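The structure under discussion appears below in the form of structure tokens.
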Amino acid sequence: MATWTESSVGDQSGRVGIVTGGNSGIGWETVRVLAANGAKVILACRSESRGQDGIDRVKALQPQAALEFLKLDLADLESVKEAAAAFNGKYDRLDLLINNAGLMATPEKKTAQGFDMQLGVNHFGHFAFTG
């Protein structure tokens, strides 16, 4: 059985990708690897300052990286609609969509539309953004 590693990713030059939650954890690692392989990567995050921090950390490793921030709050379907419209207004295609952001074992809380926070962010928000 073959092992998948970062070197397995291959050339991503010319591709445009979005990584939700791309400012930290697995999302940040995904952004780093895609950018290292030539993709233009958009970090879709709630916080612009955290998104910019994620961009800055990748740029410190790969100054040539093509990175951008997109404001996206998956707990608010209006924000999801706005983020999709902003992306579609600037780009004519999307090659990679990594729906990475998520919550787990959160205190009881509701999304802007009144859904359970974990279900709203992990499922409804990503479903709507993908659509």
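Labels for the structure tokens follow display order: chains A, B, ..., residues from 1 in each chain, ligands from 1.
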Near segment 13-26 of chain A, counting only C-alpha atoms, which residues have an atom at most 10 Å away, once you skip same-chain residues fewer than 5 positions from it, shown as a PDB file with C-alpha atoms, in the first residue's frame?
```
ATOM      1  CA  VAL A  31      -2.839  25.834   2.988  1.00  0.00           C
ATOM      2  CA  ARG A  32       0.916  25.541   3.483  1.00  0.00           C
ATOM      3  CA  LEU A  34      -1.062  23.678  -1.461  1.00  0.00           C
ATOM      4  CA  ALA A  35       0.758  27.030  -1.583  1.00  0.00           C
ATOM      5  CA  ALA A  36       4.153  25.295  -1.621  1.00  0.00           C
ATOM      6  CA  ASN A  37       2.981  23.422  -4.698  1.00  0.00           C
ATOM      7  CA  GLY A  38       1.880  26.527  -6.581  1.00  0.00           C
ATOM      8  CA  ALA A  39      -1.838  26.888  -5.831  1.00  0.00           C
ATOM      9  CA  LYS A  40      -3.485  30.243  -5.134  1.00  0.00           C
ATOM     10  CA  VAL A  41      -5.073  29.567  -1.736  1.00  0.00           C
ATOM     11  CA  ILE A  42      -7.839  31.520  -0.059  1.00  0.00           C
ATOM     12  CA  LEU A  43      -8.097  31.193   3.705  1.00  0.00           C
ATOM     13  CA  ALA A  44     -11.799  31.413   4.554  1.00  0.00           C
ATOM     14  CA  CYS A  45     -12.005  32.343   8.230  1.00  0.00           C
ATOM     15  CA  ARG A  46     -14.200  34.207  10.715  1.00  0.00           C
ATOM     16  CA  SER A  47     -11.432  36.461  11.969  1.00  0.00           C
ATOM     17  CA  GLU A  48      -9.460  38.646   9.580  1.00  0.00           C
ATOM     18  CA  SER A  49      -6.628  39.042  12.093  1.00  0.00           C
ATOM     19  CA  ARG A  50      -6.315  35.267  12.563  1.00  0.00           C
ATOM     20  CA  GLY A  51      -6.601  34.729   8.837  1.00  0.00           C
ATOM     21  CA  GLN A  52      -3.846  37.280   8.233  1.00  0.00           C
ATOM     22  CA  ASP A  53      -1.725  35.598  10.903  1.00  0.00           C
ATOM     23  CA  GLY A  54      -2.113  32.301   9.037  1.00  0.00           C
ATOM     24  CA  ILE A  55      -1.105  34.019   5.795  1.00  0.00           C
ATOM     25  CA  ASP A  56       1.911  35.642   7.455  1.00  0.00           C
ATOM     26  CA  ARG A  57       3.104  32.308   8.878  1.00  0.00           C
ATOM     27  CA  VAL A  58       2.922  30.619   5.459  1.00  0.00           C
ATOM     28  CA  ALA A  66      -0.209  33.321  -3.422  1.00  0.00           C
ATOM     29  CA  LEU A  67      -2.579  33.690  -0.474  1.00  0.00           C
ATOM     30  CA  GLU A  68      -5.706  35.670   0.269  1.00  0.00           C
ATOM     31  CA  PHE A  69      -8.194  36.091   3.110  1.00  0.00           C
ATOM     32  CA  LEU A  70     -11.956  35.611   2.702  1.00  0.00           C
ATOM     33  CA  LYS A  71     -14.275  36.491   5.584  1.00  0.00           C
ATOM     34  CA  LEU A  72     -16.510  33.513   6.279  1.00  0.00           C
ATOM     35  CA  ASP A  73     -18.515  32.777   9.423  1.00  0.00           C
ATOM     36  CA  LEU A  74     -20.031  29.334   8.965  1.00  0.00           C
ATOM     37  CA  PHE A  87     -15.505  34.871  -4.235  1.00  0.00           C
ATOM     38  CA  TYR A  91     -12.950  34.468  -9.612  1.00  0.00           C
ATOM     39  CA  ASP A  92     -14.438  32.578 -12.535  1.00  0.00           C
ATOM     40  CA  ARG A  93     -13.612  29.127 -11.186  1.00  0.00           C
ATOM     41  CA  LEU A  94     -12.736  27.121  -8.089  1.00  0.00           C
ATOM     42  CA  ASP A  95     -10.521  24.066  -8.417  1.00  0.00           C
ATOM     43  CA  LEU A  96     -10.192  22.960  -4.791  1.00  0.00           C
ATOM     44  CA  LEU A  97     -12.630  23.350  -1.904  1.00  0.00           C
ATOM     45  CA  ILE A  98     -11.389  22.008   1.416  1.00  0.00           C
ATOM     46  CA  ASN A  99     -14.232  22.224   3.947  1.00  0.00           C
ATOM     47  CA  ASN A 100     -11.978  21.921   6.983  1.00  0.00           C
ATOM     48  CA  ALA A 101     -13.360  24.291   9.641  1.00  0.00           C
ATOM     49  CA  GLY A 102     -15.321  22.707  12.418  1.00  0.00           C
ATOM     50  CA  HIS A 126     -20.341  24.024   4.753  1.00  0.00           C
ATOM     51  CA  PHE A 129     -21.017  27.369   1.135  1.00  0.00           C
TER      52      PHE A 129
END
```
For this session: Could you give me the residues within chain A that DSSP places in strand (DSSP E or B), as a ChimeraX atom specification?
Result: /A:16-20,40-45,66-71,96-98,110,116
What does the file look like for those residues with N, CA and C atoms, as an mmCIF file, in the first residue's frame?
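The result, stored in out31.cif:
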```cif
data_model
loop_
_atom_site.group_PDB
_atom_site.id
_atom_site.type_symbol
_atom_site.label_atom_id
_atom_site.label_comp_id
_atom_site.auth_asym_id
_atom_site.auth_seq_id
_atom_site.Cartn_x
_atom_site.Cartn_y
_atom_site.Cartn_z
ATOM 1 N N VAL A 16 -6.922 27.325 -8.138
ATOM 2 C CA VAL A 16 -7.443 28.216 -7.103
ATOM 3 C C VAL A 16 -8.157 27.345 -6.089
ATOM 4 N N GLY A 17 -7.793 27.525 -4.826
ATOM 5 C CA GLY A 17 -8.405 26.724 -3.773
ATOM 6 C C GLY A 17 -8.871 27.562 -2.604
ATOM 7 N N ILE A 18 -9.871 27.064 -1.912
ATOM 8 C CA ILE A 18 -10.352 27.656 -0.663
ATOM 9 C C ILE A 18 -10.204 26.600 0.415
ATOM 10 N N VAL A 19 -9.679 27.033 1.569
ATOM 11 C CA VAL A 19 -9.610 26.166 2.748
ATOM 12 C C VAL A 19 -10.345 26.881 3.868
ATOM 13 N N THR A 20 -11.470 26.326 4.313
ATOM 14 C CA THR A 20 -12.180 26.918 5.448
ATOM 15 C C THR A 20 -11.378 26.592 6.706
ATOM 16 N N LYS A 40 -3.003 29.011 -5.766
ATOM 17 C CA LYS A 40 -3.485 30.243 -5.134
ATOM 18 C C LYS A 40 -4.471 29.768 -4.084
ATOM 19 N N VAL A 41 -4.243 30.100 -2.813
ATOM 20 C CA VAL A 41 -5.073 29.567 -1.736
ATOM 21 C C VAL A 41 -5.746 30.704 -0.981
ATOM 22 N N ILE A 42 -7.040 30.556 -0.795
ATOM 23 C CA ILE A 42 -7.839 31.520 -0.059
ATOM 24 C C ILE A 42 -8.180 30.917 1.292
ATOM 25 N N LEU A 43 -7.786 31.621 2.346
ATOM 26 C CA LEU A 43 -8.097 31.193 3.705
ATOM 27 C C LEU A 43 -9.443 31.787 4.080
ATOM 28 N N ALA A 44 -10.458 30.965 4.199
ATOM 29 C CA ALA A 44 -11.799 31.413 4.554
ATOM 30 C C ALA A 44 -11.970 31.235 6.060
ATOM 31 N N CYS A 45 -12.012 32.353 6.772
ATOM 32 C CA CYS A 45 -12.005 32.343 8.230
ATOM 33 C C CYS A 45 -12.963 33.400 8.778
ATOM 34 N N ALA A 66 0.919 32.483 -3.006
ATOM 35 C CA ALA A 66 -0.209 33.321 -3.422
ATOM 36 C C ALA A 66 -1.372 33.024 -2.482
ATOM 37 N N LEU A 67 -1.583 33.912 -1.522
ATOM 38 C CA LEU A 67 -2.579 33.690 -0.474
ATOM 39 C C LEU A 67 -3.496 34.892 -0.350
ATOM 40 N N GLU A 68 -4.712 34.610 0.121
ATOM 41 C CA GLU A 68 -5.706 35.670 0.269
ATOM 42 C C GLU A 68 -6.638 35.293 1.406
ATOM 43 N N PHE A 69 -7.218 36.292 2.039
ATOM 44 C CA PHE A 69 -8.194 36.091 3.110
ATOM 45 C C PHE A 69 -9.602 36.290 2.556
ATOM 46 N N LEU A 70 -10.535 35.450 3.015
ATOM 47 C CA LEU A 70 -11.956 35.611 2.702
ATOM 48 C C LEU A 70 -12.727 35.500 4.003
ATOM 49 N N LYS A 71 -13.486 36.527 4.348
ATOM 50 C CA LYS A 71 -14.275 36.491 5.584
ATOM 51 C C LYS A 71 -15.420 35.504 5.419
ATOM 52 N N LEU A 96 -10.309 23.743 -6.021
ATOM 53 C CA LEU A 96 -10.192 22.960 -4.791
ATOM 54 C C LEU A 96 -11.005 23.618 -3.684
ATOM 55 N N LEU A 97 -11.887 22.859 -3.067
ATOM 56 C CA LEU A 97 -12.630 23.350 -1.904
ATOM 57 C C LEU A 97 -12.396 22.370 -0.772
ATOM 58 N N ILE A 98 -11.686 22.839 0.250
ATOM 59 C CA ILE A 98 -11.389 22.008 1.416
ATOM 60 C C ILE A 98 -12.242 22.538 2.565
ATOM 61 N N LYS A 110 -26.280 28.609 19.820
ATOM 62 C CA LYS A 110 -27.018 28.588 18.557
ATOM 63 C C LYS A 110 -26.309 29.441 17.499
ATOM 64 N N ASP A 116 -28.356 24.423 16.235
ATOM 65 C CA ASP A 116 -27.295 24.009 17.145
ATOM 66 C C ASP A 116 -25.954 24.403 16.523
#
```
Selection: 8 Å around Gly125 of chain A, only C-alpha atoms, excl. self and same-chain fewer than 2 positions, as an mmCIF file with C-alpha atoms, in the first residue's frame:
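The file below, around_25.cif, is the result:
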```
data_model
loop_
_atom_site.group_PDB
_atom_site.id
_atom_site.type_symbol
_atom_site.label_atom_id
_atom_site.label_comp_id
_atom_site.auth_asym_id
_atom_site.auth_seq_id
_atom_site.Cartn_x
_atom_site.Cartn_y
_atom_site.Cartn_z
ATOM 1 C CA LEU A 74 -20.031 29.334 8.965
ATOM 2 C CA ALA A 75 -22.323 29.971 11.951
ATOM 3 C CA ASP A 76 -24.167 32.643 9.975
ATOM 4 C CA LEU A 77 -25.748 31.682 6.655
ATOM 5 C CA VAL A 80 -21.839 32.260 3.939
ATOM 6 C CA GLY A 120 -24.795 24.568 11.976
ATOM 7 C CA VAL A 121 -21.064 25.130 11.473
ATOM 8 C CA ASN A 122 -19.907 21.605 10.649
ATOM 9 C CA HIS A 123 -22.765 20.688 8.353
ATOM 10 C CA PHE A 127 -23.278 22.601 2.779
ATOM 11 C CA ALA A 128 -24.517 26.104 1.997
ATOM 12 C CA PHE A 129 -21.017 27.369 1.135
#
```
For this session: Enumerate, as a PyMOL selection string, the complete set of residues in chain A that a backbone-based DSSP assignment places in alpha helix (DSSP H).
Result: chain A and resi 25-36+48-61+77-90+117-119+126-130
Include C-alpha atoms and write out the residues we just selected as a PDB file, in the first residue's frame.
```pdb
ATOM      1  CA  GLY A  25      -4.357  23.261  12.619  1.00  0.00           C
ATOM      2  CA  ILE A  26      -5.008  20.897   9.744  1.00  0.00           C
ATOM      3  CA  GLY A  27      -6.423  23.760   7.681  1.00  0.00           C
ATOM      4  CA  TRP A  28      -3.196  25.754   7.987  1.00  0.00           C
ATOM      5  CA  GLU A  29      -1.103  22.712   7.082  1.00  0.00           C
ATOM      6  CA  THR A  30      -3.312  22.200   4.021  1.00  0.00           C
ATOM      7  CA  VAL A  31      -2.839  25.834   2.988  1.00  0.00           C
ATOM      8  CA  ARG A  32       0.916  25.541   3.483  1.00  0.00           C
ATOM      9  CA  VAL A  33       1.244  22.434   1.310  1.00  0.00           C
ATOM     10  CA  LEU A  34      -1.062  23.678  -1.461  1.00  0.00           C
ATOM     11  CA  ALA A  35       0.758  27.030  -1.583  1.00  0.00           C
ATOM     12  CA  ALA A  36       4.153  25.295  -1.621  1.00  0.00           C
ATOM     13  CA  GLU A  48      -9.460  38.646   9.580  1.00  0.00           C
ATOM     14  CA  SER A  49      -6.628  39.042  12.093  1.00  0.00           C
ATOM     15  CA  ARG A  50      -6.315  35.267  12.563  1.00  0.00           C
ATOM     16  CA  GLY A  51      -6.601  34.729   8.837  1.00  0.00           C
ATOM     17  CA  GLN A  52      -3.846  37.280   8.233  1.00  0.00           C
ATOM     18  CA  ASP A  53      -1.725  35.598  10.903  1.00  0.00           C
ATOM     19  CA  GLY A  54      -2.113  32.301   9.037  1.00  0.00           C
ATOM     20  CA  ILE A  55      -1.105  34.019   5.795  1.00  0.00           C
ATOM     21  CA  ASP A  56       1.911  35.642   7.455  1.00  0.00           C
ATOM     22  CA  ARG A  57       3.104  32.308   8.878  1.00  0.00           C
ATOM     23  CA  VAL A  58       2.922  30.619   5.459  1.00  0.00           C
ATOM     24  CA  LYS A  59       4.630  33.623   3.803  1.00  0.00           C
ATOM     25  CA  ALA A  60       7.474  33.364   6.335  1.00  0.00           C
ATOM     26  CA  LEU A  61       8.124  29.847   5.017  1.00  0.00           C
ATOM     27  CA  LEU A  77     -25.748  31.682   6.655  1.00  0.00           C
ATOM     28  CA  GLU A  78     -25.847  35.363   5.639  1.00  0.00           C
ATOM     29  CA  SER A  79     -22.047  35.466   5.997  1.00  0.00           C
ATOM     30  CA  VAL A  80     -21.839  32.260   3.939  1.00  0.00           C
ATOM     31  CA  LYS A  81     -23.891  33.897   1.178  1.00  0.00           C
ATOM     32  CA  GLU A  82     -21.734  37.045   1.283  1.00  0.00           C
ATOM     33  CA  ALA A  83     -18.481  35.065   1.166  1.00  0.00           C
ATOM     34  CA  ALA A  84     -19.658  33.007  -1.813  1.00  0.00           C
ATOM     35  CA  ALA A  85     -20.753  36.186  -3.628  1.00  0.00           C
ATOM     36  CA  ALA A  86     -17.409  37.872  -2.887  1.00  0.00           C
ATOM     37  CA  PHE A  87     -15.505  34.871  -4.235  1.00  0.00           C
ATOM     38  CA  ASN A  88     -17.706  34.543  -7.329  1.00  0.00           C
ATOM     39  CA  GLY A  89     -17.346  38.266  -8.001  1.00  0.00           C
ATOM     40  CA  LYS A  90     -13.571  37.952  -8.185  1.00  0.00           C
ATOM     41  CA  MET A 117     -23.814  25.553  16.775  1.00  0.00           C
ATOM     42  CA  GLN A 118     -21.918  22.341  16.062  1.00  0.00           C
ATOM     43  CA  LEU A 119     -24.449  21.110  13.498  1.00  0.00           C
ATOM     44  CA  HIS A 126     -20.341  24.024   4.753  1.00  0.00           C
ATOM     45  CA  PHE A 127     -23.278  22.601   2.779  1.00  0.00           C
ATOM     46  CA  ALA A 128     -24.517  26.104   1.997  1.00  0.00           C
ATOM     47  CA  PHE A 129     -21.017  27.369   1.135  1.00  0.00           C
ATOM     48  CA  THR A 130     -20.389  24.427  -1.186  1.00  0.00           C
TER      49      THR A 130
END
```
